[in-house]
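Structure data follow from structure00.cif (mmCIF, C-alpha atoms):
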data_work
loop_
_atom_site.label_atom_id
_atom_site.label_comp_id
_atom_site.auth_asym_id
_atom_site.auth_seq_id
_atom_site.Cartn_x
_atom_site.Cartn_y
_atom_site.Cartn_z
CA MET A 1309 19.30 0.88 -12.61
CA ILE A 1310 16.43 2.55 -10.77
CA ARG A 1311 14.27 4.85 -12.88
CA LYS A 1312 12.28 7.72 -11.39
CA THR A 1313 8.58 7.00 -11.95
CA ASP A 1314 6.74 8.98 -9.27
CA PHE A 1315 4.12 11.53 -10.30
CA TYR A 1316 2.93 14.87 -8.98
CA LEU A 1317 -0.42 16.46 -9.84
CA GLU A 1318 -0.91 19.96 -8.51
CA GLY A 1319 -4.43 20.82 -7.40
CA GLY A 1320 -6.11 22.40 -4.42
CA PRO A 1321 -5.02 22.91 -0.79
CA LEU A 1322 -5.81 19.32 0.25
CA GLY A 1323 -2.94 16.97 -0.52
CA VAL A 1324 -2.85 13.19 -0.82
CA LEU A 1325 0.36 11.15 -0.65
CA LEU A 1326 -0.10 7.76 -2.37
CA ILE A 1327 2.17 4.82 -1.53
CA HIS A 1328 2.50 1.70 -3.69
CA GLY A 1329 3.14 -1.83 -2.48
CA LEU A 1330 6.13 -4.14 -2.11
CA THR A 1331 7.85 -4.82 -5.48
CA GLY A 1332 5.27 -2.44 -6.98
CA THR A 1333 5.45 0.90 -8.73
CA PRO A 1334 3.72 4.30 -8.62
CA MET A 1335 1.84 3.18 -11.76
CA GLU A 1336 -0.49 1.12 -9.56
CA MET A 1337 -1.56 4.36 -7.85
CA ARG A 1338 -1.80 6.57 -10.94
CA LEU A 1339 -5.49 5.99 -11.78
CA LEU A 1340 -6.46 6.70 -8.18
CA GLY A 1341 -4.20 9.74 -8.21
CA LYS A 1342 -5.70 11.10 -11.41
CA GLY A 1343 -9.19 10.59 -10.01
CA LEU A 1344 -8.38 12.42 -6.80
CA HIS A 1345 -6.72 15.20 -8.76
CA GLY A 1346 -9.86 15.50 -10.85
CA ALA A 1347 -11.77 15.94 -7.59
CA GLY A 1348 -9.54 18.91 -6.69
CA PHE A 1349 -6.75 17.34 -4.62
CA THR A 1350 -3.01 17.84 -4.99
CA VAL A 1351 -1.54 14.36 -5.37
CA HIS A 1352 1.94 12.87 -5.14
CA GLY A 1353 2.32 9.24 -6.16
CA MET A 1354 5.64 8.55 -4.49
CA GLN A 1355 8.29 5.93 -5.28
CA LEU A 1356 9.58 3.76 -2.45
CA ALA A 1357 13.32 3.39 -1.97
CA GLY A 1358 14.81 0.47 -3.91
CA HIS A 1359 11.82 0.08 -6.22
CA CYS A 1360 11.56 0.36 -10.03
CA GLY A 1361 14.95 -1.22 -10.53
CA ASP A 1362 16.01 -4.87 -10.37
CA THR A 1363 15.95 -7.40 -7.56
CA ASP A 1364 19.39 -6.36 -6.31
CA ASP A 1365 18.20 -2.75 -6.02
CA LEU A 1366 15.30 -3.87 -3.87
CA LEU A 1367 17.44 -6.17 -1.73
CA ALA A 1368 19.79 -3.27 -1.00
CA THR A 1369 16.97 -1.69 0.99
CA GLY A 1370 14.71 -2.70 3.88
CA TRP A 1371 11.57 -1.48 5.57
CA ARG A 1372 13.34 1.38 7.33
CA ASP A 1373 14.55 2.69 3.96
CA TRP A 1374 11.05 2.38 2.51
CA TYR A 1375 9.57 4.23 5.46
CA ALA A 1376 12.27 6.93 5.33
CA SER A 1377 11.28 7.62 1.73
CA VAL A 1378 7.64 7.95 2.86
CA GLU A 1379 8.62 10.45 5.54
CA ALA A 1380 10.65 12.48 3.04
CA ALA A 1381 7.77 12.54 0.55
CA ALA A 1382 5.33 13.55 3.29
CA ASP A 1383 7.58 16.41 4.37
CA ALA A 1384 7.84 17.65 0.78
CA LEU A 1385 4.09 17.52 0.18
CA ARG A 1386 3.22 19.12 3.52
CA GLY A 1387 5.05 22.24 2.42
CA LYS A 1388 2.72 22.60 -0.56
CA VAL A 1389 -0.73 21.92 0.93
CA ASP A 1390 -2.87 22.93 3.90
CA ARG A 1391 -3.83 19.41 4.94
CA LEU A 1392 -2.08 16.12 4.26
CA PHE A 1393 -3.85 12.82 3.67
CA VAL A 1394 -2.03 9.57 2.99
CA GLY A 1395 -3.17 6.44 1.20
CA GLY A 1396 -1.38 3.19 0.55
CA LEU A 1397 -1.99 -0.11 -1.23
CA SER A 1398 -1.00 -3.46 0.29
CA MET A 1399 2.35 -2.86 2.07
CA GLY A 1400 1.85 0.82 1.24
CA ALA A 1401 -1.20 0.75 3.52
CA LEU A 1402 1.03 -0.37 6.40
CA LEU A 1403 3.48 2.44 5.69
CA ALA A 1404 0.58 4.93 5.60
CA LEU A 1405 -0.68 3.68 8.96
CA LYS A 1406 2.81 3.94 10.46
CA LEU A 1407 3.11 7.54 9.25
CA ALA A 1408 -0.26 8.35 10.85
CA ALA A 1409 0.80 6.65 14.09
CA ASP A 1410 4.13 8.51 14.20
CA ARG A 1411 2.75 11.89 13.09
CA PRO A 1412 -0.81 12.23 14.42
CA GLY A 1413 -0.70 16.01 14.18
CA GLN A 1414 0.37 16.01 10.54
CA VAL A 1415 -1.78 13.31 8.89
CA ALA A 1416 -5.42 14.38 8.58
CA GLY A 1417 -6.73 11.01 7.36
CA VAL A 1418 -5.69 7.66 5.93
CA GLY A 1419 -6.77 5.59 2.94
CA VAL A 1420 -6.06 1.98 3.91
CA TYR A 1421 -6.29 0.06 0.62
CA GLY A 1422 -5.92 -3.72 0.71
CA ALA A 1423 -3.80 -3.69 3.86
CA THR A 1424 -1.46 -6.68 3.94
CA PHE A 1425 -0.28 -7.70 7.36
CA ARG A 1426 -0.40 -11.35 6.29
CA TYR A 1427 -0.38 -13.03 2.90
CA ASP A 1428 -3.44 -15.14 3.64
CA GLY A 1429 -5.61 -14.74 0.54
CA TRP A 1430 -7.08 -17.69 -1.34
CA SER A 1431 -4.39 -17.70 -4.07
CA ILE A 1432 -1.43 -17.80 -1.69
CA PRO A 1433 0.36 -21.20 -1.61
CA TRP A 1434 0.85 -22.79 1.79
CA LEU A 1435 4.64 -22.29 1.68
CA ALA A 1436 4.24 -18.51 1.40
CA ARG A 1437 2.17 -18.54 4.58
CA LEU A 1438 5.33 -19.45 6.50
CA SER A 1439 6.56 -15.87 6.09
CA PHE A 1440 7.03 -15.54 9.85
CA LEU A 1441 10.16 -17.68 9.40
CA LEU A 1442 11.72 -15.34 6.86
CA PRO A 1443 13.28 -12.82 9.30
CA PHE A 1444 15.23 -15.73 10.83
CA ALA A 1445 16.33 -16.90 7.37
CA LYS A 1446 17.50 -13.40 6.50
CA ARG A 1447 19.30 -13.01 9.81
CA VAL A 1448 21.36 -16.17 9.22
CA GLY A 1449 21.91 -15.36 5.53
CA LEU A 1450 19.65 -17.99 4.00
CA GLY A 1451 17.60 -17.53 0.86
CA ARG A 1452 18.92 -14.21 -0.44
CA ASP A 1453 18.51 -15.39 -4.03
CA ARG A 1454 15.11 -16.99 -3.49
CA VAL A 1455 11.83 -15.42 -4.55
CA PHE A 1456 8.14 -16.19 -4.36
CA LEU A 1457 6.93 -15.79 -7.94
CA GLU A 1458 3.71 -13.87 -8.49
CA GLN A 1459 0.82 -16.18 -9.32
CA PRO A 1460 -2.38 -15.64 -11.34
CA PRO A 1461 -4.70 -13.83 -10.98
CA TYR A 1462 -2.05 -11.24 -9.95
CA GLY A 1463 -4.56 -9.40 -7.75
CA LEU A 1464 -6.84 -8.59 -10.69
CA ARG A 1465 -10.37 -9.75 -11.42
CA ASP A 1466 -10.32 -7.76 -14.68
CA GLU A 1467 -9.03 -10.40 -17.11
CA ARG A 1468 -7.98 -7.95 -19.83
CA LEU A 1469 -5.95 -5.88 -17.38
CA ARG A 1470 -4.55 -9.05 -15.83
CA GLU A 1471 -3.05 -10.08 -19.16
CA GLN A 1472 -1.52 -6.64 -19.65
CA VAL A 1473 0.05 -6.68 -16.19
CA SER A 1474 1.31 -10.23 -16.64
CA ALA A 1475 2.96 -9.29 -19.94
CA ALA A 1476 4.52 -6.19 -18.37
CA MET A 1477 6.01 -8.22 -15.49
CA ARG A 1478 7.41 -10.82 -17.90
CA SER A 1479 8.98 -8.06 -20.01
CA GLY A 1480 11.45 -7.27 -17.26
CA ASP A 1481 10.51 -3.57 -17.11
CA SER A 1482 9.77 -3.18 -13.40
CA THR A 1483 8.64 0.44 -13.81
CA ILE A 1484 5.32 -0.66 -15.33
CA ALA A 1485 4.03 -3.50 -13.16
CA GLY A 1486 6.83 -4.15 -10.68
CA LEU A 1487 8.98 -7.23 -10.23
CA LEU A 1488 7.77 -10.69 -11.20
CA GLY A 1489 8.55 -12.13 -7.78
CA ASN A 1490 8.91 -11.20 -4.12
CA PRO A 1491 12.43 -11.81 -2.76
CA TRP A 1492 12.49 -13.74 0.49
CA HIS A 1493 14.60 -11.11 2.24
CA SER A 1494 12.22 -8.31 1.21
CA LEU A 1495 9.28 -10.35 2.50
CA ALA A 1496 11.23 -10.74 5.74
CA ASP A 1497 11.32 -6.95 6.04
CA LEU A 1498 7.61 -6.76 5.26
CA TYR A 1499 6.97 -9.18 8.12
CA LEU A 1500 9.03 -7.01 10.49
CA LEU A 1501 7.18 -3.89 9.33
CA SER A 1502 3.85 -5.66 9.80
CA ARG A 1503 4.73 -6.61 13.36
CA ARG A 1504 5.81 -3.03 14.13
CA VAL A 1505 2.65 -1.48 12.66
CA ARG A 1506 0.34 -3.91 14.49
CA ARG A 1507 1.87 -2.73 17.76
CA GLN A 1508 1.32 0.90 16.75
CA LEU A 1509 -2.26 0.72 15.47
CA HIS A 1510 -3.67 2.17 18.70
CA GLN A 1511 -1.58 5.29 18.04
CA VAL A 1512 -3.50 6.01 14.83
CA THR A 1513 -5.94 8.80 15.70
CA SER A 1514 -6.56 10.05 12.15
CA PRO A 1515 -9.83 8.88 10.54
CA CYS A 1516 -9.37 5.87 8.27
CA LEU A 1517 -11.15 4.69 5.15
CA VAL A 1518 -10.45 0.95 5.15
CA ALA A 1519 -11.10 -0.38 1.64
CA HIS A 1520 -10.66 -4.06 0.85
CA ALA A 1521 -11.78 -6.59 -1.73
CA SER A 1522 -14.21 -9.02 -0.14
CA ASP A 1523 -12.68 -11.80 -2.26
CA ASP A 1524 -9.06 -10.61 -2.00
CA ASP A 1525 -6.75 -13.24 -3.47
CA VAL A 1526 -3.63 -11.98 -1.66
CA ALA A 1527 -4.72 -10.67 1.76
CA SER A 1528 -8.00 -11.76 3.30
CA VAL A 1529 -10.52 -9.36 4.82
CA ARG A 1530 -9.10 -10.31 8.22
CA ASN A 1531 -6.35 -7.77 7.46
CA ALA A 1532 -8.93 -4.98 7.15
CA GLU A 1533 -10.67 -6.14 10.33
CA LEU A 1534 -7.35 -5.94 12.17
CA VAL A 1535 -7.13 -2.24 11.25
CA LEU A 1536 -10.73 -1.52 12.21
CA ARG A 1537 -10.25 -3.14 15.63
CA GLY A 1538 -6.84 -1.63 16.27
CA VAL A 1539 -6.94 2.06 15.39
CA SER A 1540 -8.09 4.73 17.85
CA ALA A 1541 -9.96 6.72 15.22
CA PRO A 1542 -13.32 6.88 13.44
CA SER A 1543 -13.13 4.39 10.58
CA GLU A 1544 -15.24 3.37 7.60
CA LEU A 1545 -15.13 -0.02 5.88
CA LEU A 1546 -15.56 -0.16 2.11
CA LEU A 1547 -15.88 -3.75 0.86
CA LEU A 1548 -15.46 -4.13 -2.90
CA GLU A 1549 -17.16 -7.26 -4.19
CA ASP A 1550 -16.06 -7.16 -7.84
CA SER A 1551 -12.30 -6.71 -7.34
CA TYR A 1552 -9.29 -8.66 -6.19
CA HIS A 1553 -6.26 -7.32 -4.31
CA MET A 1554 -5.22 -4.49 -6.66
CA ILE A 1555 -8.27 -2.38 -5.89
CA THR A 1556 -6.65 0.86 -7.12
CA ILE A 1557 -6.69 -0.41 -10.72
CA ASP A 1558 -9.25 -3.23 -10.75
CA LYS A 1559 -12.90 -3.19 -11.79
CA GLN A 1560 -14.21 -0.98 -8.97
CA ARG A 1561 -11.49 1.66 -9.04
CA ARG A 1562 -14.03 4.39 -9.80
CA THR A 1563 -15.95 3.50 -6.65
CA LEU A 1564 -12.70 3.66 -4.70
CA ILE A 1565 -11.86 7.06 -6.19
CA GLU A 1566 -15.30 8.50 -5.40
CA ARG A 1567 -15.41 7.18 -1.84
CA SER A 1568 -11.84 8.28 -1.14
CA ALA A 1569 -12.50 11.82 -2.38
CA GLN A 1570 -15.72 12.02 -0.35
CA PHE A 1571 -14.01 10.69 2.77
CA PHE A 1572 -10.98 12.98 2.62
CA ARG A 1573 -13.11 16.03 1.90
CA ALA A 1574 -15.52 15.23 4.74
CA VAL A 1575 -12.61 14.84 7.18
CA ALA A 1576 -11.13 18.15 6.03
CA GLU A 1577 -14.46 19.93 6.46
CA GLN A 1578 -14.96 18.46 9.91
CA ARG A 1579 -11.51 19.53 11.04
CA HIS A 1580 -12.05 22.99 9.60
CA ALA A 1581 -15.24 23.26 11.64
CA ASP A 1582 -13.49 22.04 14.79
CA PRO A 1583 -11.00 24.69 15.96
CA VAL A 1584 -9.37 22.22 18.34
CA SER A 1585 -8.39 19.98 15.42
CA SER A 1586 -7.22 22.75 13.12
#
Can I see the file as structure tokens?
Amino acid sequence: MIRKTDFYLEGGPLGVLLIHGLTGTPMEMRLLGKGLHGAGFTVHGMQLAGHCGDTDDLLATGWRDWYASVEAAADALRGKVDRLFVGGLSMGALLALKLAADRPGQVAGVGVYGATFRYDGWSIPWLARLSFLLPFAKRVGLGRDRVFLEQPPYGLRDERLREQVSAAMRSGDSTIAGLLGNPWHSLADLYLLSRRVRRQLHQVTSPCLVAHASDDDVASVRNAELVLRGVSAPSELLLLEDSYHMITIDKQRRTLIERSAQFFRAVAEQRHADPVSS
């Protein structure tokens, strides 16, 4: 049974929609959301379709369902704020980029956090790197009950937090730290989404803050470089050297909060000064 776990923090006229990752939960965006709210932003940490339930709940959805829930959340938040920013972690970063590509006039700026076009980090086993084969497996009905289990360090350099997250995943309560493994068929949809977003990167004209762990265990910095090369917008790279993949909750989360707030506010001020962009 899926439980509602999204959060809404009402603040000023600048709004930020935060999108969690595949098999994740809004909890992984809450610290970032609280920090941005403290800086004066209105924040919605949304919940992707099919998430915060069990594996069957997730498998009942695909990338189009996840993206539809992003669009619905963006529409709801737009009605409450003057300017809409969007930020996403891991797969959430891809969904944020797609929203910016599809709605250039609505998305003022993008926080691209640990973008994951490919699982090519140092902790990823070689078998998981064959993800390009998964759409074929799903199409012919193979591997529906198979999962890639999460492996230490679970995207976290902070050892104390890593143990807490590991215990939460083992508890079976997916609302806290998400599912323990990534179903093959869901990874197939992530691969299809990744391919779609790569083709659309040139359509992203909203400024991007591209934040990535320099030692990312899940998705190498090549993923961030792909965004920087591909988008048609002013972009900043923030490399975090004391974090792993889960940069929204790991050791340098305060740096991420401060830089995100500064970036979004600077973009808003620039657009306010430019009547053509308003």
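Considering all atoms listed in the file, the residue among A:Gln1508, A:Ala1368, A:Leu1498, A:Gly1319 positioned nearest to Ala1347 in chain A is A:Gly1319.
Running the PyMOL selection byres ((chain A and resi 1554) around 9) on this file leaves Glu1336, Leu1397, Ser1398, Tyr1421, Gly1422, Tyr1462, Gly1463, Leu1464, Arg1465, Ala1521, Asp1524, Ser1551, Tyr1552, His1553, Ile1555, Thr1556, Ile1557 and Asp1558 of chain A selected.
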_Selected residue, from A:Val1512, A:Leu1407, A:Leu1469, A:Ile1432, that lies nearest to Asp1525 in chain A when counting all atoms listed in the file_ = A:Ile1432
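If you measure from each of A:Lys1388, A:His1493, A:Arg1537, A:Lys1406 to Ala1376 in chain A using all atoms listed in the file, the closest one turns out to be A:Lys1406.
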*Hey, can you check how far CA of Ala1527 in chain A sits from CA of Met1399 in chain A?*
10.5 Å
*Just give me the gap between CA of Asp1365 in chain A and CA of Thr1331 in chain A in Å, one decimal is fine.*
10.6 Å
*In Å, how far is it from CA of Ala1357 in chain A to CA of Thr1369 in chain A?*
6.9 Å
*For the structure shown, which residues end up in the PyMOL selection byres ((chain A and resi 1340) around 10)? Put them as number ranges by chain, please?*
A: 1326, 1335-1339, 1341-1346, 1351, 1353, 1395, 1555-1557, 1561-1562, 1564-1566, 1568-1569
*Can you give me, as an MDAnalysis selection string, the residues this file yields under the PyMOL selection byres ((chain A and resi 1539) around 10)?*
chainID A and resid 1405 1409 1506 1508:1516 1534:1538 1540:1543
*Would you mind listing what lies within 8 Å of range 1427-1431 of chain A as a PyMOL selection string, with all atoms listed in the file counted and same-chain residues fewer than 3 positions away left out?*
chain A and resi 1424+1436-1437+1459-1461+1524-1528
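Minimum distance to Val1415 in chain A across A:Glu1544, A:Leu1501, A:Leu1322, A:Glu1577 (counting all atoms listed in the file) occurs at A:Leu1322.
Remark: for Arg1504 in chain A, the closest of the candidate residues A:Leu1402, A:Val1378, A:Leu1366, A:Leu1517 is A:Leu1402 (distances computed over all atoms listed in the file).
Look at Trp1374 in chain A: the protein and nucleic acid residues within 10 Å of it, using all atoms listed in the file and passing over chain neighbours fewer than 6 places away, are Leu1330, Gln1355, Leu1356, Ala1357, Gly1358, His1359, Leu1366, Gly1400, Leu1403 and Asp1497 of chain A.
When all atoms listed in the file are used to compute distances to Asp1466 in chain A, the closest of the residues A:Gln1560, A:Ala1408, A:Leu1545, A:Val1389 turns out to be A:Gln1560.
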Grab all the atoms of range 1500-1509 of chain A that the file lists, wrap them in a box along x, y and z, add 4 Å per side, and give me centre plus edge lengths in Å (one decimal) as lines of an AutoDock Vina configuration file.
center_x = 3.4
center_y = -3.1
center_z = 13.5
size_x = 19.3
size_y = 15.9
size_z = 16.4
